[in-house]
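The next block is model33.cif, given as mmCIF, C-alpha atoms.
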data_my_file
#
loop_
_atom_site.label_atom_id
_atom_site.label_comp_id
_atom_site.auth_asym_id
_atom_site.auth_seq_id
_atom_site.Cartn_x
_atom_site.Cartn_y
_atom_site.Cartn_z
CA MET A 1 5.59 -10.43 3.35
CA ASN A 2 4.22 -12.37 6.25
CA LYS A 3 3.96 -16.11 5.54
CA ASN A 4 0.38 -16.19 6.82
CA LEU A 5 -0.73 -13.39 4.47
CA ARG A 6 0.62 -15.39 1.56
CA GLU A 7 -1.41 -18.37 2.80
CA ILE A 8 -4.58 -16.27 2.92
CA GLU A 9 -3.91 -15.12 -0.65
CA LYS A 10 -3.47 -18.73 -1.77
CA TYR A 11 -6.68 -19.76 0.02
CA ALA A 12 -8.59 -16.91 -1.64
CA GLU A 13 -7.27 -17.95 -5.04
CA MET A 14 -8.08 -21.61 -4.49
CA TYR A 15 -11.66 -20.97 -3.35
CA ASN A 16 -12.28 -18.05 -5.68
CA ILE A 17 -12.83 -15.54 -2.86
CA PRO A 18 -12.39 -11.93 -3.92
CA ILE A 19 -9.74 -10.13 -1.87
CA MET A 20 -8.18 -6.74 -2.55
CA GLN A 21 -5.58 -6.46 -5.27
CA LYS A 22 -2.00 -5.85 -4.08
CA SER A 23 -1.81 -2.25 -5.32
CA GLY A 24 -5.22 -1.52 -3.78
CA ILE A 25 -4.30 -2.85 -0.34
CA ASN A 26 -0.97 -1.00 -0.52
CA PHE A 27 -2.83 2.23 -1.31
CA LEU A 28 -5.24 1.67 1.60
CA THR A 29 -2.59 0.78 4.20
CA LYS A 30 -0.45 3.74 3.11
CA TYR A 31 -3.47 6.03 3.49
CA ILE A 32 -4.12 4.66 7.01
CA ARG A 33 -0.48 5.17 7.98
CA GLU A 34 -0.15 8.68 6.52
CA ASN A 35 -3.47 9.95 7.91
CA ASN A 36 -3.07 8.47 11.37
CA VAL A 37 -6.28 6.46 11.06
CA ARG A 38 -7.11 4.61 14.28
CA ASN A 39 -10.69 3.38 14.08
CA ILE A 40 -11.94 1.57 10.98
CA LEU A 41 -15.25 0.04 9.96
CA GLU A 42 -15.06 -2.46 7.11
CA ILE A 43 -18.19 -3.56 5.29
CA GLY A 44 -17.42 -6.91 3.69
CA CYS A 45 -14.76 -8.87 5.54
CA ALA A 46 -14.64 -12.02 3.36
CA ILE A 47 -11.80 -14.05 4.97
CA GLY A 48 -10.19 -11.18 6.89
CA TYR A 49 -7.40 -10.32 4.45
CA SER A 50 -7.86 -6.54 4.31
CA ALA A 51 -8.91 -6.25 7.98
CA ILE A 52 -5.66 -7.98 8.99
CA GLN A 53 -3.58 -5.80 6.66
CA MET A 54 -5.21 -2.63 8.03
CA ALA A 55 -4.68 -3.74 11.65
CA LEU A 56 -1.01 -4.52 10.93
CA VAL A 57 -0.33 -0.89 9.91
CA ASN A 58 -0.04 0.19 13.54
CA ASP A 59 -0.80 -1.45 16.86
CA LYS A 60 -3.20 1.39 17.71
CA VAL A 61 -5.46 0.57 14.75
CA LYS A 62 -8.80 -1.05 15.63
CA VAL A 63 -11.01 -2.61 12.95
CA THR A 64 -14.68 -3.54 13.15
CA THR A 65 -15.63 -5.69 10.18
CA ILE A 66 -18.91 -7.21 8.99
CA GLU A 67 -19.37 -10.43 7.00
CA ARG A 68 -22.69 -12.08 6.11
CA ASP A 69 -21.38 -15.33 4.59
CA ASN A 70 -21.02 -17.80 7.47
CA GLU A 71 -18.26 -19.89 5.91
CA ARG A 72 -16.14 -16.82 5.15
CA TYR A 73 -16.90 -15.41 8.61
CA LEU A 74 -15.52 -18.58 10.25
CA GLN A 75 -12.44 -18.55 8.01
CA ALA A 76 -11.87 -14.87 8.87
CA LEU A 77 -12.09 -15.66 12.61
CA LYS A 78 -9.46 -18.37 12.15
CA ASN A 79 -7.17 -16.05 10.14
CA ILE A 80 -7.52 -13.19 12.64
CA LYS A 81 -6.67 -15.57 15.49
CA GLU A 82 -3.53 -16.76 13.67
CA PHE A 83 -2.30 -13.16 13.66
CA ASP A 84 -3.22 -12.66 17.36
CA LEU A 85 -5.43 -9.76 16.35
CA GLU A 86 -8.64 -10.76 18.18
CA LYS A 87 -8.27 -7.80 20.55
CA ARG A 88 -8.03 -5.29 17.72
CA ILE A 89 -10.33 -6.77 15.06
CA THR A 90 -14.00 -7.16 15.96
CA LEU A 91 -15.79 -9.44 13.53
CA ILE A 92 -19.57 -9.17 13.23
CA SER A 93 -21.58 -11.89 11.53
CA GLY A 94 -24.58 -10.61 9.60
CA ASP A 95 -25.86 -8.46 6.77
CA ALA A 96 -24.43 -4.93 7.04
CA LEU A 97 -27.81 -3.48 6.05
CA ASP A 98 -29.43 -5.08 9.15
CA ILE A 99 -26.77 -4.10 11.68
CA GLU A 100 -26.92 -0.93 13.78
CA LEU A 101 -23.67 0.52 15.09
CA GLU A 102 -23.30 3.47 17.44
CA ASP A 103 -19.54 3.96 17.18
CA LYS A 104 -17.84 6.62 15.09
CA TYR A 105 -14.95 5.79 12.75
CA ASP A 106 -12.05 7.62 11.14
CA LEU A 107 -12.39 5.48 8.04
CA ILE A 108 -15.22 3.36 6.63
CA PHE A 109 -14.16 0.86 3.99
CA ILE A 110 -16.84 -0.47 1.63
CA ASP A 111 -15.91 -3.71 -0.12
CA ALA A 112 -19.06 -5.86 -0.08
CA ALA A 113 -22.05 -6.49 -2.37
CA LYS A 114 -21.49 -4.02 -5.22
CA ALA A 115 -25.23 -3.60 -5.85
CA GLN A 116 -25.67 -2.25 -2.28
CA TYR A 117 -22.89 0.36 -2.25
CA ILE A 118 -25.25 3.37 -2.24
CA LYS A 119 -27.27 1.87 0.64
CA PHE A 120 -24.09 1.08 2.62
CA PHE A 121 -22.80 4.63 2.05
CA GLN A 122 -26.09 6.23 3.11
CA LYS A 123 -26.54 3.97 6.13
CA TYR A 124 -23.04 4.24 7.58
CA SER A 125 -22.04 7.83 6.76
CA LYS A 126 -23.64 8.77 10.12
CA ASN A 127 -20.93 6.63 11.78
CA LEU A 128 -18.17 8.79 10.37
CA LYS A 129 -16.11 11.00 12.66
CA LYS A 130 -15.54 14.63 11.76
CA ASN A 131 -12.85 14.69 9.02
CA GLY A 132 -13.42 10.96 8.45
CA VAL A 133 -13.42 9.31 5.03
CA ILE A 134 -15.35 6.58 3.23
CA VAL A 135 -13.17 4.44 0.96
CA SER A 136 -14.81 2.25 -1.69
CA ASP A 137 -13.15 -0.55 -3.66
CA ASN A 138 -13.90 -2.25 -7.03
CA LEU A 139 -15.09 0.85 -8.88
CA ASP A 140 -13.43 -0.32 -12.11
CA PHE A 141 -14.74 -3.85 -11.57
CA HIS A 142 -11.97 -5.59 -13.54
CA GLY A 143 -12.07 -2.86 -16.18
CA LEU A 144 -15.70 -3.59 -17.08
CA VAL A 145 -17.09 -0.26 -15.90
CA ASN A 146 -15.49 1.45 -18.90
CA GLN A 147 -15.79 -1.50 -21.30
CA GLU A 148 -19.48 -2.28 -21.35
CA GLU A 149 -19.42 -3.64 -24.88
CA HIS A 150 -17.43 -6.66 -23.64
CA ILE A 151 -20.14 -7.77 -21.21
CA GLU A 152 -22.12 -10.79 -22.40
CA SER A 153 -24.15 -11.63 -19.30
CA LYS A 154 -27.25 -9.65 -18.33
CA ASN A 155 -26.53 -10.07 -14.58
CA LEU A 156 -23.01 -8.77 -15.01
CA ARG A 157 -24.26 -5.80 -17.03
CA GLN A 158 -26.77 -4.98 -14.27
CA LEU A 159 -24.01 -5.16 -11.67
CA VAL A 160 -21.77 -2.86 -13.72
CA ASP A 161 -24.70 -0.45 -14.10
CA LYS A 162 -25.10 -0.45 -10.31
CA ILE A 163 -21.41 0.44 -9.89
CA ARG A 164 -21.83 3.24 -12.44
CA ASP A 165 -24.86 4.50 -10.49
CA TYR A 166 -22.70 4.51 -7.36
CA ILE A 167 -19.95 6.51 -9.09
CA ASP A 168 -22.60 9.04 -10.24
CA PHE A 169 -24.00 9.11 -6.69
CA LEU A 170 -20.52 9.93 -5.33
CA LYS A 171 -19.88 12.61 -7.96
CA SER A 172 -23.19 14.36 -7.31
CA ASN A 173 -23.15 14.00 -3.51
CA THR A 174 -22.89 17.53 -2.12
CA GLU A 175 -22.15 16.37 1.44
CA PHE A 176 -18.90 14.68 0.37
CA THR A 177 -15.98 15.43 -1.90
CA THR A 178 -14.77 12.28 -3.65
CA LYS A 179 -11.45 11.59 -5.33
CA PHE A 180 -11.12 8.59 -7.65
CA TYR A 181 -7.89 6.62 -7.96
CA LYS A 182 -6.89 4.27 -10.77
CA VAL A 183 -5.28 1.87 -8.36
CA GLY A 184 -6.07 -1.79 -7.70
CA ASP A 185 -9.58 -2.39 -9.00
CA GLY A 186 -10.52 1.29 -8.76
CA ILE A 187 -10.75 3.09 -5.41
CA SER A 188 -12.57 6.21 -4.27
CA VAL A 189 -11.94 8.31 -1.16
CA SER A 190 -14.90 10.42 -0.03
CA THR A 191 -14.30 13.15 2.54
CA LYS A 192 -17.21 14.77 4.36
CA ASN A 193 -17.46 18.49 3.62
CA GLU A 194 -17.32 20.72 6.67
#

Show how you would write the structure in this file as structure tokens.
Amino acid sequence: MNKNLREIEKYAEMYNIPIMQKSGINFLTKYIRENNVRNILEIGCAIGYSAIQMALVNDKVKVTTIERDNERYLQALKNIKEFDLEKRITLISGDALDIELEDKYDLIFIDAAKAQYIKFFQKYSKNLKKNGVIVSDNLDFHGLVNQEEHIESKNLRQLVDKIRDYIDFLKSNTEFTTKFYKVGDGISVSTKNE
């Protein structure tokens, strides 16, 4: 593994910044490689870890990524620069719900505020190319989605309920067919029905 990636992982651990689990990022990069994905929109950049990993799959991959936290945005810029990926990763500072994009993408990756997943999905599905997919992370949420009895905090329970609502939304969405994978922290892949 690239020395710099390891440094990003250490930084994330030190400052308690959520980044994708190893098996999750491996699943995602393998999917990108096998399905010849070229154009990606990521909602929730954090410090650039997954955007960098996705861009490293192939030098034809372009990533547009959105981050609303200014400190993380600046750290992501720095990390992207260290990998010389500024030409292939476009970082947008702001709240994804306030941003309007015209481009179309092969893959949209949702990994931001869990409570807003349905809104992100609804807002950005219009930016999906024909045969494109929407990938969502954290659907197990550290195993809590299926272990509600272990949740003490009211806020955490509300968040878990929101993730459950999102899973139900995906299952009942007639415009998309969604497959769920027990990998990383729980991943779904939603394909638009023709």

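Residues matched by the PyMOL selection byres ((chain A and resi 131-145) around 6) in this file are Asp106, Leu107, Ile108, Phe109, Ile110, Asp111, Leu128, Lys129, Lys130, Asn146, Gln147, Glu148, Val160, Asp185, Gly186, Ile187, Ser188, Val189, Ser190 and Thr191 of chain A.
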
Self-check item: Result set, the PyMOL selection byres ((chain A and resi 80) around 10) on current file, as a list in words
Solution: Ile47, Gly48, Tyr49, Ala51, Ile52, Ala55, Leu74, Gln75, Ala76, Leu77, Lys78, Asn79, Lys81, Glu82, Phe83, Asp84, Leu85, Glu86, Lys87, Arg88, Ile89, Thr90 and Leu91 of chain A

Practice problem: Kindly resolve the PyMOL selection byres ((chain A and resi 94) around 9) on the present coordinates and return the residues as a PyMOL selection string. | Solution: chain A and resi 66-70+92-93+95-99

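Nearest-residue note for Lys162 (chain A): choosing from A:Thr178, A:Asn35, A:Gln116, A:Gln21, the minimum distance belongs to A:Gln116, counting all atoms listed in the file.
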
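Taking only C-alpha atoms into account, the polymer residues that have an atom no farther than 9 Å from (-4.4, 2.1, 16.5) are Asn36, Val37, Arg38, Asn39, Ala55, Val57, Asn58, Asp59, Lys60, Val61, Lys62, Val63 and Arg88 of chain A.
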
Could you give me the centre and size, in Å to one decimal, of an axis-aligned box around all listed atoms of region 153-165 of chain A with 4 Å added on every side, as lines of an AutoDock Vina configuration file?
center_x = -24.3
center_y = -3.6
center_z = -14.6
size_x = 13.8
size_y = 24.1
size_z = 17.4

Quiz item: Out of A:Ser172, A:Ser153, A:Gln53, A:Thr177, which residue has the shortest atom-to-atom distance to Ile19 (chain A) when counting all atoms listed in the file?
Solution: A:Gln53

Quiz item: Which distance in Å separates CA of Leu41 (chain A) and CA of Tyr105 (chain A), to one decimal?
Solution: 6.4 Å

Regenerate region 114-135 of chain A at the level of N, CA and C atoms and dump it as an mmCIF file, in the coordinates of the input.
data_model
loop_
_atom_site.group_PDB
_atom_site.id
_atom_site.type_symbol
_atom_site.label_atom_id
_atom_site.label_comp_id
_atom_site.auth_asym_id
_atom_site.auth_seq_id
_atom_site.Cartn_x
_atom_site.Cartn_y
_atom_site.Cartn_z
ATOM 1 N N LYS A 114 -21.597 -5.235 -4.394
ATOM 2 C CA LYS A 114 -21.490 -4.020 -5.220
ATOM 3 C C LYS A 114 -22.842 -3.350 -5.432
ATOM 4 N N ALA A 115 -23.894 -4.141 -5.564
ATOM 5 C CA ALA A 115 -25.230 -3.600 -5.850
ATOM 6 C C ALA A 115 -25.769 -2.786 -4.678
ATOM 7 N N GLN A 116 -25.170 -2.938 -3.494
ATOM 8 C CA GLN A 116 -25.670 -2.250 -2.280
ATOM 9 C C GLN A 116 -24.810 -1.063 -1.861
ATOM 10 N N TYR A 117 -23.825 -0.691 -2.671
ATOM 11 C CA TYR A 117 -22.890 0.360 -2.250
ATOM 12 C C TYR A 117 -23.586 1.662 -1.831
ATOM 13 N N ILE A 118 -24.575 2.108 -2.588
ATOM 14 C CA ILE A 118 -25.250 3.370 -2.240
ATOM 15 C C ILE A 118 -25.917 3.235 -0.879
ATOM 16 N N LYS A 119 -26.589 2.099 -0.652
ATOM 17 C CA LYS A 119 -27.270 1.870 0.640
ATOM 18 C C LYS A 119 -26.266 1.830 1.790
ATOM 19 N N PHE A 120 -25.122 1.139 1.574
ATOM 20 C CA PHE A 120 -24.090 1.080 2.620
ATOM 21 C C PHE A 120 -23.605 2.499 2.944
ATOM 22 N N PHE A 121 -23.325 3.260 1.893
ATOM 23 C CA PHE A 121 -22.800 4.630 2.050
ATOM 24 C C PHE A 121 -23.791 5.467 2.854
ATOM 25 N N GLN A 122 -25.068 5.419 2.445
ATOM 26 C CA GLN A 122 -26.090 6.230 3.110
ATOM 27 C C GLN A 122 -26.288 5.799 4.558
ATOM 28 N N LYS A 123 -26.296 4.494 4.783
ATOM 29 C CA LYS A 123 -26.540 3.970 6.130
ATOM 30 C C LYS A 123 -25.413 4.309 7.098
ATOM 31 N N TYR A 124 -24.169 4.139 6.650
ATOM 32 C CA TYR A 124 -23.040 4.240 7.580
ATOM 33 C C TYR A 124 -22.348 5.603 7.601
ATOM 34 N N SER A 125 -22.722 6.526 6.727
ATOM 35 C CA SER A 125 -22.040 7.830 6.760
ATOM 36 C C SER A 125 -22.284 8.544 8.093
ATOM 37 N N LYS A 126 -23.382 8.187 8.785
ATOM 38 C CA LYS A 126 -23.640 8.770 10.120
ATOM 39 C C LYS A 126 -22.635 8.264 11.164
ATOM 40 N N ASN A 127 -21.933 7.185 10.854
ATOM 41 C CA ASN A 127 -20.930 6.630 11.780
ATOM 42 C C ASN A 127 -19.531 7.191 11.532
ATOM 43 N N LEU A 128 -19.468 8.227 10.710
ATOM 44 C CA LEU A 128 -18.170 8.790 10.370
ATOM 45 C C LEU A 128 -17.819 9.918 11.337
ATOM 46 N N LYS A 129 -16.578 9.898 11.818
ATOM 47 C CA LYS A 129 -16.110 11.000 12.660
ATOM 48 C C LYS A 129 -15.934 12.248 11.796
ATOM 49 N N LYS A 130 -15.854 13.373 12.449
ATOM 50 C CA LYS A 130 -15.540 14.630 11.760
ATOM 51 C C LYS A 130 -14.186 14.424 11.057
ATOM 52 N N ASN A 131 -14.068 14.870 9.841
ATOM 53 C CA ASN A 131 -12.850 14.690 9.020
ATOM 54 C C ASN A 131 -12.599 13.232 8.623
ATOM 55 N N GLY A 132 -13.581 12.362 8.852
ATOM 56 C CA GLY A 132 -13.420 10.960 8.450
ATOM 57 C C GLY A 132 -13.629 10.785 6.954
ATOM 58 N N VAL A 133 -13.259 9.598 6.463
ATOM 59 C CA VAL A 133 -13.420 9.310 5.030
ATOM 60 C C VAL A 133 -14.114 7.961 4.815
ATOM 61 N N ILE A 134 -14.788 7.864 3.654
ATOM 62 C CA ILE A 134 -15.350 6.580 3.230
ATOM 63 C C ILE A 134 -14.571 6.156 1.988
ATOM 64 N N VAL A 135 -13.958 4.983 2.074
ATOM 65 C CA VAL A 135 -13.170 4.440 0.960
ATOM 66 C C VAL A 135 -13.968 3.308 0.334
#
